[in-house]
>>> print(open('protein17.txt').read())   # compact mmCIF, C-alpha atoms and all ligand atoms
# COMPACT_ATOMS: atom_id res chain seq x y z
CA MET A 1 -128.62 19.13 29.19
CA SER A 2 -125.45 21.03 30.15
CA ALA A 3 -122.08 19.41 29.59
CA VAL A 4 -121.20 20.14 33.24
CA THR A 5 -123.43 19.16 36.17
CA TYR A 6 -123.06 19.31 39.95
CA GLU A 7 -124.21 16.83 42.58
CA LEU A 8 -124.49 18.18 46.15
CA ILE A 9 -123.80 15.16 48.37
CA LYS A 10 -123.92 16.72 51.86
CA THR A 11 -123.33 19.90 53.84
CA CYS A 12 -121.08 19.91 56.90
CA LYS A 13 -123.17 20.32 60.06
CA GLN A 14 -120.35 22.27 61.78
CA THR A 15 -119.71 24.78 58.91
CA GLY A 16 -121.13 25.89 55.54
CA ALA A 17 -118.86 23.49 53.67
CA ARG A 18 -120.31 21.23 50.94
CA LEU A 19 -119.28 17.80 49.76
CA GLY A 20 -120.11 17.41 46.09
CA LYS A 21 -119.21 15.96 42.72
CA VAL A 22 -118.79 17.73 39.36
CA HIS A 23 -119.44 15.73 36.17
CA THR A 24 -117.86 16.83 32.86
CA PRO A 25 -117.44 15.14 29.43
CA HIS A 26 -113.95 14.05 30.59
CA GLY A 27 -114.92 12.52 33.93
CA SER A 28 -116.01 13.50 37.42
CA PHE A 29 -114.22 14.93 40.41
CA GLU A 30 -115.15 15.32 44.08
CA THR A 31 -115.35 18.76 45.65
CA PRO A 32 -114.00 20.78 47.41
CA VAL A 33 -111.10 20.37 44.97
CA PHE A 34 -107.77 22.07 44.27
CA MET A 35 -107.02 22.32 40.53
CA PRO A 36 -103.36 22.46 39.37
CA VAL A 37 -102.58 25.22 36.85
CA GLY A 38 -101.12 24.33 33.46
CA THR A 39 -101.04 27.75 31.78
CA LEU A 40 -99.18 26.80 28.58
CA ALA A 41 -100.73 23.32 28.18
CA THR A 42 -98.45 21.80 30.81
CA VAL A 43 -98.42 21.81 34.61
CA LYS A 44 -94.84 23.05 34.69
CA THR A 45 -92.30 20.16 35.04
CA MET A 46 -95.05 17.52 35.51
CA SER A 47 -96.17 14.87 32.99
CA PRO A 48 -99.91 14.14 32.62
CA GLU A 49 -99.21 10.68 34.11
CA GLU A 50 -97.70 12.31 37.22
CA ILE A 51 -100.71 14.65 37.58
CA THR A 52 -102.94 11.57 37.49
CA GLU A 53 -100.64 9.75 39.98
CA ILE A 54 -100.91 12.73 42.36
CA GLY A 55 -104.70 12.30 42.22
CA SER A 56 -105.78 15.35 40.20
CA LYS A 57 -108.68 14.89 37.79
CA ILE A 58 -108.93 18.46 36.52
CA ILE A 59 -106.32 21.03 35.51
CA LEU A 60 -106.48 24.64 34.35
CA SER A 61 -105.11 26.30 31.24
CA ASN A 62 -105.22 29.78 29.79
CA THR A 63 -107.05 31.15 26.76
CA TYR A 64 -104.79 34.23 26.61
CA HIS A 65 -101.49 32.32 26.61
CA LEU A 66 -102.57 29.56 24.19
CA TRP A 67 -104.10 32.09 21.79
CA LEU A 68 -100.78 33.94 21.63
CA ARG A 69 -98.70 30.76 21.56
CA PRO A 70 -99.09 28.31 19.75
CA GLY A 71 -102.43 29.75 18.57
CA GLU A 72 -105.86 28.14 18.88
CA ASP A 73 -105.80 26.99 15.23
CA ILE A 74 -102.92 24.60 15.87
CA ILE A 75 -104.68 23.20 18.94
CA ARG A 76 -107.94 22.85 17.02
CA GLU A 77 -106.09 20.98 14.24
CA ALA A 78 -104.56 18.69 16.92
CA GLY A 79 -108.10 17.73 17.89
CA GLY A 80 -108.32 20.05 20.88
CA LEU A 81 -106.31 20.72 24.03
CA HIS A 82 -106.87 17.26 25.56
CA LYS A 83 -105.28 15.54 22.55
CA PHE A 84 -102.62 18.24 22.08
CA MET A 85 -101.30 17.75 25.65
CA ASN A 86 -102.28 14.09 26.02
CA TRP A 87 -104.46 14.75 29.09
CA ASP A 88 -107.73 12.79 29.32
CA GLY A 89 -109.03 14.33 32.54
CA SER A 90 -111.10 17.54 32.75
CA ILE A 91 -109.76 20.92 31.68
CA LEU A 92 -110.96 24.37 32.77
CA THR A 93 -109.77 27.36 30.75
CA ASP A 94 -109.78 30.92 32.00
CA SER A 95 -111.14 33.47 29.53
CA GLY A 96 -108.18 35.80 29.07
CA GLY A 97 -109.42 39.09 30.51
CA PHE A 98 -107.54 38.67 33.77
CA GLN A 99 -104.31 37.74 31.96
CA VAL A 100 -104.56 40.77 29.65
CA PHE A 101 -104.65 43.01 32.74
CA SER A 102 -101.91 41.16 34.58
CA LEU A 103 -99.51 40.71 31.65
CA SER A 104 -100.02 43.32 28.94
CA ASP A 105 -99.51 47.05 28.70
CA LEU A 106 -101.28 49.47 26.38
CA ARG A 107 -104.60 48.21 27.66
CA ASN A 108 -107.75 50.04 26.61
CA ILE A 109 -111.01 48.60 27.84
CA GLU A 110 -114.24 49.52 26.05
CA GLU A 111 -117.74 48.07 25.63
CA LYS A 112 -116.71 45.88 22.69
CA GLY A 113 -113.71 44.36 24.46
CA VAL A 114 -110.08 45.05 25.38
CA HIS A 115 -107.29 46.43 23.18
CA PHE A 116 -103.81 45.48 24.40
CA ARG A 117 -100.27 44.71 23.33
CA ASN A 118 -99.09 41.11 23.01
CA HIS A 119 -96.66 40.74 25.93
CA ILE A 120 -94.39 38.51 23.80
CA SER A 121 -94.30 40.20 20.37
CA GLY A 122 -95.58 43.68 21.19
CA GLU A 123 -98.21 43.55 18.43
CA LYS A 124 -101.55 45.25 19.11
CA LEU A 125 -104.38 42.78 19.78
CA PHE A 126 -108.08 42.85 20.65
CA LEU A 127 -109.96 40.38 22.86
CA SER A 128 -113.75 40.37 23.19
CA PRO A 129 -116.39 38.11 24.73
CA GLU A 130 -117.00 36.60 21.28
CA LYS A 131 -113.29 36.02 20.60
CA ALA A 132 -112.78 34.47 24.06
CA MET A 133 -115.63 32.03 23.35
CA GLN A 134 -114.26 31.21 19.88
CA ILE A 135 -110.81 30.41 21.32
CA GLN A 136 -112.19 28.24 24.15
CA ASN A 137 -114.49 26.44 21.68
CA ALA A 138 -111.35 25.66 19.63
CA LEU A 139 -109.46 24.46 22.74
CA GLY A 140 -112.36 22.17 23.64
CA SER A 141 -112.04 22.70 27.41
CA ASP A 142 -114.73 21.03 29.52
CA ILE A 143 -115.30 24.20 31.57
CA MET A 144 -114.98 27.61 29.88
CA MET A 145 -115.00 30.93 31.72
CA ALA A 146 -116.99 33.97 30.65
CA PHE A 147 -114.98 37.02 29.54
CA ASP A 148 -114.86 39.40 32.50
CA GLU A 149 -113.00 42.39 33.87
CA CYS A 150 -111.20 41.79 37.15
CA PRO A 151 -110.77 45.37 38.47
CA PRO A 152 -107.68 46.17 40.57
CA TYR A 153 -107.92 46.21 44.37
CA PRO A 154 -108.96 48.64 45.75
CA ALA A 155 -111.26 50.23 43.19
CA GLU A 156 -113.62 53.20 43.53
CA HIS A 157 -117.28 52.25 43.92
CA LYS A 158 -118.26 54.14 40.72
CA TYR A 159 -115.62 52.32 38.66
CA MET A 160 -116.59 48.96 40.19
CA LYS A 161 -120.31 49.53 39.48
CA ASP A 162 -119.68 50.41 35.83
CA SER A 163 -117.32 47.41 35.52
CA VAL A 164 -119.82 44.96 37.08
CA GLU A 165 -122.55 46.14 34.70
CA ARG A 166 -120.24 45.73 31.69
CA THR A 167 -119.11 42.29 32.86
CA SER A 168 -122.79 41.28 33.11
CA ARG A 169 -123.42 42.51 29.53
CA TRP A 170 -120.28 40.62 28.41
CA ALA A 171 -121.57 37.46 30.14
CA GLU A 172 -124.76 37.63 28.07
CA ARG A 173 -122.69 38.05 24.88
CA CYS A 174 -120.61 35.01 25.89
CA LEU A 175 -123.72 32.85 26.25
CA LYS A 176 -124.91 33.95 22.80
CA ALA A 177 -121.48 33.32 21.20
CA HIS A 178 -120.87 29.91 22.85
CA GLU A 179 -121.14 27.35 20.05
CA ARG A 180 -121.64 23.99 21.83
CA PRO A 181 -123.10 24.24 25.39
CA GLU A 182 -123.89 20.53 25.16
CA ASP A 183 -120.13 19.78 24.90
CA GLN A 184 -118.54 22.52 27.03
CA GLY A 185 -119.87 24.10 30.23
CA LEU A 186 -119.62 27.91 30.47
CA PHE A 187 -119.26 29.42 33.97
CA GLY A 188 -120.23 33.01 34.76
CA ILE A 189 -117.84 35.11 36.90
CA ILE A 190 -119.22 37.24 39.74
CA GLN A 191 -117.42 40.53 40.28
CA GLY A 192 -118.11 43.54 42.54
CA GLY A 193 -114.94 43.90 44.63
CA GLU A 194 -115.58 44.35 48.35
CA TYR A 195 -118.95 46.09 47.80
CA GLU A 196 -121.81 43.92 49.07
CA GLU A 197 -124.55 45.42 46.95
CA LEU A 198 -122.39 45.19 43.79
CA ARG A 199 -121.61 41.54 44.52
CA LYS A 200 -125.39 41.02 44.94
CA GLN A 201 -126.11 42.83 41.66
CA SER A 202 -123.46 40.79 39.81
CA ALA A 203 -124.73 37.50 41.28
CA LYS A 204 -128.35 38.33 40.42
CA ASP A 205 -127.43 39.38 36.86
CA LEU A 206 -125.48 36.17 36.21
CA THR A 207 -127.72 33.67 38.01
CA SER A 208 -130.64 35.02 35.95
CA LEU A 209 -128.69 33.79 32.89
CA ASP A 210 -128.60 30.25 34.34
CA PHE A 211 -124.95 29.23 33.84
CA PRO A 212 -124.02 25.61 34.83
CA GLY A 213 -121.54 27.01 37.37
CA TYR A 214 -120.37 30.27 38.90
CA ALA A 215 -116.93 31.65 39.71
CA ILE A 216 -116.23 34.31 42.29
CA GLY A 217 -113.70 36.61 40.64
CA GLY A 218 -112.05 39.81 41.75
CA LEU A 219 -110.52 38.22 44.84
CA SER A 220 -106.98 37.11 45.66
CA VAL A 221 -105.89 40.38 44.05
CA GLY A 222 -104.05 41.81 47.06
CA GLU A 223 -106.93 42.28 49.49
CA PRO A 224 -106.46 41.21 53.14
CA LYS A 225 -107.73 37.67 53.92
CA ASP A 226 -110.46 38.98 56.21
CA VAL A 227 -111.82 41.07 53.29
CA MET A 228 -111.84 37.97 51.06
CA ASN A 229 -113.62 35.92 53.74
CA ARG A 230 -116.20 38.70 54.30
CA VAL A 231 -116.90 38.93 50.55
CA LEU A 232 -117.32 35.13 50.38
CA ASP A 233 -119.67 35.18 53.37
CA PHE A 234 -122.19 37.42 51.62
CA THR A 235 -121.61 36.44 47.96
CA THR A 236 -122.28 32.68 48.30
CA HIS A 237 -125.75 33.50 49.70
CA TRP A 238 -126.81 34.66 46.24
CA LEU A 239 -125.51 31.60 44.42
CA PRO A 240 -127.67 28.53 43.81
CA ASP A 241 -126.95 25.42 45.91
CA ASN A 242 -127.15 23.09 42.89
CA LYS A 243 -124.29 24.63 40.89
CA PRO A 244 -120.50 24.55 41.53
CA ARG A 245 -118.82 27.62 43.04
CA TYR A 246 -115.25 28.32 41.88
CA LEU A 247 -113.04 30.79 43.77
CA MET A 248 -110.50 31.99 41.19
CA GLY A 249 -106.79 32.24 41.99
CA VAL A 250 -106.96 30.78 45.51
CA GLY A 251 -104.74 29.55 47.06
CA SER A 252 -102.76 28.93 50.13
CA PRO A 253 -103.67 26.06 52.52
CA ASP A 254 -105.46 28.38 54.99
CA SER A 255 -107.50 30.01 52.20
CA LEU A 256 -108.48 26.62 50.78
CA ILE A 257 -109.83 25.57 54.18
CA ASP A 258 -111.51 28.92 54.91
CA GLY A 259 -113.00 29.04 51.40
CA SER A 260 -114.36 25.48 51.77
CA ILE A 261 -115.91 26.45 55.12
CA ARG A 262 -117.71 29.28 53.26
CA GLY A 263 -119.21 26.95 50.67
CA ILE A 264 -116.63 27.14 47.86
CA ASP A 265 -116.24 23.97 45.78
CA MET A 266 -113.36 24.64 43.35
CA PHE A 267 -110.00 26.38 43.78
CA ASP A 268 -106.95 27.02 41.63
CA CYS A 269 -103.67 28.79 42.26
CA VAL A 270 -100.20 29.00 40.72
CA LEU A 271 -98.73 29.26 44.25
CA PRO A 272 -97.74 25.59 44.82
CA THR A 273 -96.01 25.22 41.44
CA ARG A 274 -94.51 28.72 41.50
CA ILE A 275 -92.96 28.52 44.98
CA ALA A 276 -91.74 24.98 44.22
CA ARG A 277 -89.58 26.40 41.46
CA ASN A 278 -87.67 28.51 43.98
CA GLY A 279 -87.34 25.66 46.45
CA THR A 280 -90.17 26.49 48.86
CA CYS A 281 -92.30 23.54 49.98
CA MET A 282 -95.58 23.19 51.83
CA THR A 283 -95.36 20.63 54.65
CA SER A 284 -97.69 19.55 57.47
CA ASN A 285 -95.47 21.60 59.81
CA GLY A 286 -95.55 24.76 57.69
CA ARG A 287 -93.46 26.13 54.84
CA LEU A 288 -89.94 24.73 54.36
CA VAL A 289 -87.38 26.56 52.21
CA VAL A 290 -85.31 23.57 51.23
CA ARG A 291 -82.55 25.65 49.63
CA ASN A 292 -81.55 26.97 53.10
CA ALA A 293 -78.04 25.94 54.27
CA LYS A 294 -79.47 24.29 57.39
CA PHE A 295 -80.74 21.42 55.20
CA ALA A 296 -77.32 20.66 53.62
CA ARG A 297 -76.89 17.53 55.79
CA ASP A 298 -80.56 16.85 56.52
CA PHE A 299 -81.26 13.37 55.08
CA SER A 300 -84.91 13.30 56.17
CA PRO A 301 -87.83 13.77 53.72
CA LEU A 302 -89.36 17.19 52.98
CA ASP A 303 -92.35 16.19 55.11
CA PRO A 304 -92.14 13.16 57.46
CA ASN A 305 -95.95 12.90 57.32
CA CYS A 306 -96.13 12.79 53.51
CA ASN A 307 -96.37 9.60 51.39
CA CYS A 308 -95.63 11.20 48.03
CA HIS A 309 -93.02 9.85 45.62
CA THR A 310 -90.66 12.71 46.50
CA CYS A 311 -90.90 12.16 50.28
CA LYS A 312 -90.57 8.38 50.00
CA ASN A 313 -87.41 8.48 47.86
CA TYR A 314 -85.43 11.71 48.25
CA SER A 315 -83.93 13.72 51.12
CA ARG A 316 -83.91 17.44 51.90
CA ALA A 317 -80.12 17.44 51.40
CA TYR A 318 -80.40 15.93 47.92
CA ILE A 319 -83.25 18.22 46.84
CA ARG A 320 -81.39 21.25 48.24
CA HIS A 321 -78.31 20.23 46.23
CA LEU A 322 -80.36 19.93 43.01
CA ILE A 323 -82.10 23.30 43.53
CA LYS A 324 -78.80 25.05 44.30
CA ALA A 325 -77.23 23.42 41.22
CA ASP A 326 -80.18 24.56 39.08
CA GLU A 327 -80.93 20.92 38.23
CA THR A 328 -84.42 20.60 36.71
CA PHE A 329 -85.00 17.35 38.59
CA GLY A 330 -85.03 19.36 41.83
CA LEU A 331 -87.94 21.50 40.58
CA ARG A 332 -89.79 18.36 39.56
CA LEU A 333 -89.43 16.89 43.05
CA THR A 334 -90.63 20.04 44.85
CA THR A 335 -93.48 20.60 42.38
CA TYR A 336 -94.68 17.00 42.68
CA HIS A 337 -94.66 17.29 46.49
CA ASN A 338 -96.46 20.66 46.67
CA LEU A 339 -99.24 19.53 44.33
CA TYR A 340 -99.58 16.23 46.22
CA PHE A 341 -99.75 18.19 49.51
CA LEU A 342 -102.70 20.34 48.33
CA VAL A 343 -104.54 17.45 46.66
CA LYS A 344 -104.19 15.49 49.93
CA LEU A 345 -105.25 18.55 51.96
CA MET A 346 -108.51 18.70 49.97
CA GLU A 347 -109.02 14.96 50.58
CA GLN A 348 -108.72 15.68 54.32
CA VAL A 349 -111.19 18.58 53.94
CA ARG A 350 -113.69 16.26 52.21
CA GLU A 351 -113.23 13.65 54.97
CA ALA A 352 -113.82 16.32 57.62
CA ILE A 353 -117.03 17.42 55.87
CA LYS A 354 -118.23 13.80 55.82
CA ALA A 355 -117.57 13.65 59.60
CA ASP A 356 -119.19 17.10 60.19
CA ARG A 357 -115.98 18.39 61.78
CA LEU A 358 -114.34 20.79 59.29
CA GLY A 359 -114.17 23.49 61.99
CA ASP A 360 -112.21 21.15 64.27
CA PHE A 361 -109.96 20.11 61.35
CA ARG A 362 -109.26 23.80 60.68
CA GLU A 363 -108.03 24.30 64.24
CA GLU A 364 -105.85 21.17 64.15
CA PHE A 365 -104.33 22.01 60.74
CA PHE A 366 -103.73 25.69 61.57
CA GLU A 367 -102.04 24.73 64.84
CA GLN A 368 -99.70 22.19 63.23
CA TYR A 369 -98.96 24.32 60.13
CA GLY A 370 -98.27 27.36 62.30
CA PHE A 371 -101.03 29.67 61.01
CA ASN A 372 -102.01 30.55 64.59
CA LYS A 373 -98.49 31.70 65.49
CA PRO A 374 -98.53 35.48 66.13
N1 LIG B 401 -107.63 36.18 41.40
C1 LIG B 401 -108.12 35.95 40.14
C2 LIG B 401 -107.45 35.05 39.30
C3 LIG B 401 -107.91 34.81 38.04
C4 LIG B 401 -107.16 33.84 37.18
S1 LIG B 401 -107.66 32.18 37.63
C5 LIG B 401 -106.57 31.28 36.65
N2 LIG B 401 -106.51 31.34 35.35
C6 LIG B 401 -105.59 30.42 34.97
C7 LIG B 401 -105.07 29.88 36.06
N3 LIG B 401 -105.71 30.40 37.11
C8 LIG B 401 -109.08 35.45 37.56
N4 LIG B 401 -109.54 35.18 36.30
C9 LIG B 401 -110.64 35.83 35.87
N5 LIG B 401 -111.11 35.56 34.63
N6 LIG B 401 -111.32 36.72 36.63
C10 LIG B 401 -110.93 37.01 37.90
O1 LIG B 401 -111.58 37.85 38.56
C11 LIG B 401 -109.76 36.36 38.41
C12 LIG B 401 -109.28 36.60 39.71
>>> encode(input="protein17.txt", output="structure tokens", more="lines below")
Ligand SMILES: Nc1cc(CSc2ncc[nH]2)c2nc(N)[nH]c(=O)c2c1
Amino acid sequence: MSAVTYELIKTCKQTGARLGKVHTPHGSFETPVFMPVGTLATVKTMSPEEITEIGSKIILSNTYHLWLRPGEDIIREAGGLHKFMNWDGSILTDSGGFQVFSLSDLRNIEEKGVHFRNHISGEKLFLSPEKAMQIQNALGSDIMMAFDECPPYPAEHKYMKDSVERTSRWAERCLKAHERPEDQGLFGIIQGGEYEELRKQSAKDLTSLDFPGYAIGGLSVGEPKDVMNRVLDFTTHWLPDNKPRYLMGVGSPDSLIDGSIRGIDMFDCVLPTRIARNGTCMTSNGRLVVRNAKFARDFSPLDPNCNCHTCKNYSRAYIRHLIKADETFGLRLTTYHNLYFLVKLMEQVREAIKADRLGDFREEFFEQYGFNKP
């Protein structure tokens, strides 16, 4: 019995969206779901209690970062990542390959794994499918990701084909190296760029290995949104209905809705927490850059339609003042609001699926948020 199982509850009659539930050793969560990112064992500026208060039941963390600092041995000795960070919900950890390519130089990828330079100390390091499994086993995450290569966008077909075939061989090595599949679910990651037959090959290779869930990787790497949507349209066809589908690194409110419409169940993105730290907020009427001078005497909430702690207690003028004064409390208020906004957005998506009207909801949300503006 896998540690992670999926329950398909219903499919939206108006779109390809699915209402489901994922069960892990640390609880269950409804899908489609947005997962806050806590790269270094914290969702930046938020306490675990606040993440729970916002309504999140699963967060992400990073194998690469925690391996480098503080080291998986310390986290293992603490009793695992849940105990170390005092979070008793579910945790998904990415496998490190993507972070090596986005953070380190001196990268040399070969069949055995990836040689690179530690982006903090400069020392030469090596990460392999086996090492990525060993680290995630030590972290004790509920959902582990296979070690993959996420090629740059765009990539030549020949390079992408060789990379997909290596990522499939690495996936098999991950399954062999994974110590406790009964305690931690391991998801395979589909690659293949924008090439339909490579996405089909990757999906067939990985679904033949029968992972408890599948991620669609290699997207949200700079490609236009219509390319991402086209790749989703044909890739989900080759994924089983009874397993979760996780679109990595996505995203913005429009991509969360469009990905849900295309049958994606799980999303993550650093966007809401990252833009919050420079004073940019997501609101039901579009983005609001609260540090702008025009809000200096605006005593209304960030979003008049939001019931979050920030919007019920603090004004744009006050939050602008804190951000301009580099007061940490300001970042906490914007981060709390942005995460609450996306968690609530996914609740609305799930409600729209229940009512078989996600297509109508998309039109209403896009209109109010301003996505349709030329
Ligand atoms: N866009 C994108 C984002 C991420 C990071 S997801 C994440 N890790 C930690 C937080 N969020 C990816 N990760 C992997 N392993 N493979 C990918 O193809 C890929 C693509």
>>> axis_aligned_box(input="protein17.txt", around="ligand LIG 401 (chain B)", padding_each_side="3 Å", output="AutoDock Vina command-line options")
--center_x -108.3 --center_y 33.9 --center_z 38.0 --size_x 12.5 --size_y 14.0 --size_z 12.8
>>> closest_atom_pairs(input="protein17.txt", of="chain A", to="ligand LIG 401 (chain B)", cutoff="6 Å", atoms="all atoms listed in the file", output="tab-separated table")
residue	atom	partner	partner_atom	distance
A:Val37	CA	B:LIG401	C7	5.3
A:Leu60	CA	B:LIG401	C7	5.7
A:Ser61	CA	B:LIG401	C6	5.6
A:Asn62	CA	B:LIG401	C6	5.2
A:Asp94	CA	B:LIG401	N2	4.7
A:Ser95	CA	B:LIG401	N5	5.5
A:Gly97	CA	B:LIG401	N5	5.7
A:Phe98	CA	B:LIG401	C9	4.7
A:Asp148	CA	B:LIG401	N5	5.8
A:Cys150	CA	B:LIG401	O1	4.2
A:Gly217	CA	B:LIG401	O1	3.2
A:Gly218	CA	B:LIG401	O1	3.8
A:Leu219	CA	B:LIG401	N1	4.9
A:Ser220	CA	B:LIG401	N1	4.4
A:Val221	CA	B:LIG401	N1	5.3
A:Met248	CA	B:LIG401	S1	4.6
A:Gly249	CA	B:LIG401	C2	3.9
A:Asp268	CA	B:LIG401	N3	5.8
A:Cys269	CA	B:LIG401	N3	5.8
>>> write_last_selection(input="protein17.txt", atoms="C-alpha atoms", output="PDB file, keeping the file's coordinate frame")
ATOM      1  CA  VAL A  37    -102.580  25.220  36.850  1.00  0.00           C
ATOM      2  CA  LEU A  60    -106.480  24.640  34.350  1.00  0.00           C
ATOM      3  CA  SER A  61    -105.110  26.300  31.240  1.00  0.00           C
ATOM      4  CA  ASN A  62    -105.220  29.780  29.790  1.00  0.00           C
ATOM      5  CA  ASP A  94    -109.780  30.920  32.000  1.00  0.00           C
ATOM      6  CA  SER A  95    -111.140  33.470  29.530  1.00  0.00           C
ATOM      7  CA  GLY A  97    -109.420  39.090  30.510  1.00  0.00           C
ATOM      8  CA  PHE A  98    -107.540  38.670  33.770  1.00  0.00           C
ATOM      9  CA  ASP A 148    -114.860  39.400  32.500  1.00  0.00           C
ATOM     10  CA  CYS A 150    -111.200  41.790  37.150  1.00  0.00           C
ATOM     11  CA  GLY A 217    -113.700  36.610  40.640  1.00  0.00           C
ATOM     12  CA  GLY A 218    -112.050  39.810  41.750  1.00  0.00           C
ATOM     13  CA  LEU A 219    -110.520  38.220  44.840  1.00  0.00           C
ATOM     14  CA  SER A 220    -106.980  37.110  45.660  1.00  0.00           C
ATOM     15  CA  VAL A 221    -105.890  40.380  44.050  1.00  0.00           C
ATOM     16  CA  MET A 248    -110.500  31.990  41.190  1.00  0.00           C
ATOM     17  CA  GLY A 249    -106.790  32.240  41.990  1.00  0.00           C
ATOM     18  CA  ASP A 268    -106.950  27.020  41.630  1.00  0.00           C
ATOM     19  CA  CYS A 269    -103.670  28.790  42.260  1.00  0.00           C
TER      20      CYS A 269
END
>>> atom_distance(input="protein17.txt", atom1="atom CA of Met144 of chain A", atom2="atom CA of Thr93 of chain A")
5.3 Å
>>> residues_around(input="protein17.txt", residues="Asn292 of chain A", least_positions_apart="3", cutoff="12 Å", atoms="only C-alpha atoms", output="ChimeraX atom specification")
/A:278-281,288-289,295-298,316-317,319-321,323-324
>>> atom_distance(input="protein17.txt", atom1="atom CA of Lys294 of chain A", atom2="atom CA of Ala325 of chain A")
16.3 Å
>>> atom_distance(input="protein17.txt", atom1="atom CA of Arg169 of chain A", atom2="atom CA of Ala3 of chain A")
23.1 Å
>>> build_atoms(input="protein17.txt", residues="segment 279-295 of chain A", atoms="N, CA and C atoms", output="short mmCIF file (atom, residue, chain, number, x, y, z; two decimals), in the coordinates of the input")
data_model
loop_
_atom_site.label_atom_id
_atom_site.label_comp_id
_atom_site.auth_asym_id
_atom_site.auth_seq_id
_atom_site.Cartn_x
_atom_site.Cartn_y
_atom_site.Cartn_z
N GLY A 279 -87.77 26.50 45.34
CA GLY A 279 -87.34 25.66 46.45
C GLY A 279 -88.12 25.82 47.73
N THR A 280 -89.34 26.36 47.66
CA THR A 280 -90.17 26.49 48.86
C THR A 280 -91.25 25.41 48.83
N CYS A 281 -91.37 24.66 49.93
CA CYS A 281 -92.30 23.54 49.98
C CYS A 281 -93.33 23.71 51.09
N MET A 282 -94.52 23.20 50.82
CA MET A 282 -95.58 23.19 51.83
C MET A 282 -95.46 21.85 52.57
N THR A 283 -95.40 21.89 53.88
CA THR A 283 -95.36 20.63 54.65
C THR A 283 -96.39 20.71 55.78
N SER A 284 -96.67 19.57 56.40
CA SER A 284 -97.69 19.55 57.47
C SER A 284 -97.25 20.39 58.67
N ASN A 285 -95.95 20.74 58.70
CA ASN A 285 -95.47 21.60 59.81
C ASN A 285 -95.14 23.00 59.34
N GLY A 286 -95.75 23.39 58.20
CA GLY A 286 -95.55 24.76 57.69
C GLY A 286 -94.62 24.77 56.49
N ARG A 287 -94.30 26.00 56.03
CA ARG A 287 -93.46 26.13 54.84
C ARG A 287 -92.01 25.75 55.16
N LEU A 288 -91.34 25.13 54.18
CA LEU A 288 -89.94 24.73 54.36
C LEU A 288 -89.17 25.19 53.13
N VAL A 289 -88.16 26.06 53.35
CA VAL A 289 -87.38 26.56 52.21
C VAL A 289 -86.15 25.67 52.08
N VAL A 290 -86.30 24.66 51.23
CA VAL A 290 -85.31 23.57 51.23
C VAL A 290 -83.94 24.02 50.75
N ARG A 291 -83.86 25.20 50.09
CA ARG A 291 -82.55 25.65 49.63
C ARG A 291 -81.71 26.25 50.77
N ASN A 292 -82.31 26.41 51.96
CA ASN A 292 -81.55 26.97 53.10
C ASN A 292 -80.40 26.06 53.51
N ALA A 293 -79.27 26.68 53.91
CA ALA A 293 -78.04 25.94 54.27
C ALA A 293 -78.30 24.93 55.38
N LYS A 294 -79.28 25.21 56.24
CA LYS A 294 -79.47 24.29 57.39
C LYS A 294 -79.90 22.90 56.95
N PHE A 295 -80.30 22.75 55.66
CA PHE A 295 -80.74 21.42 55.20
C PHE A 295 -79.62 20.68 54.46
#
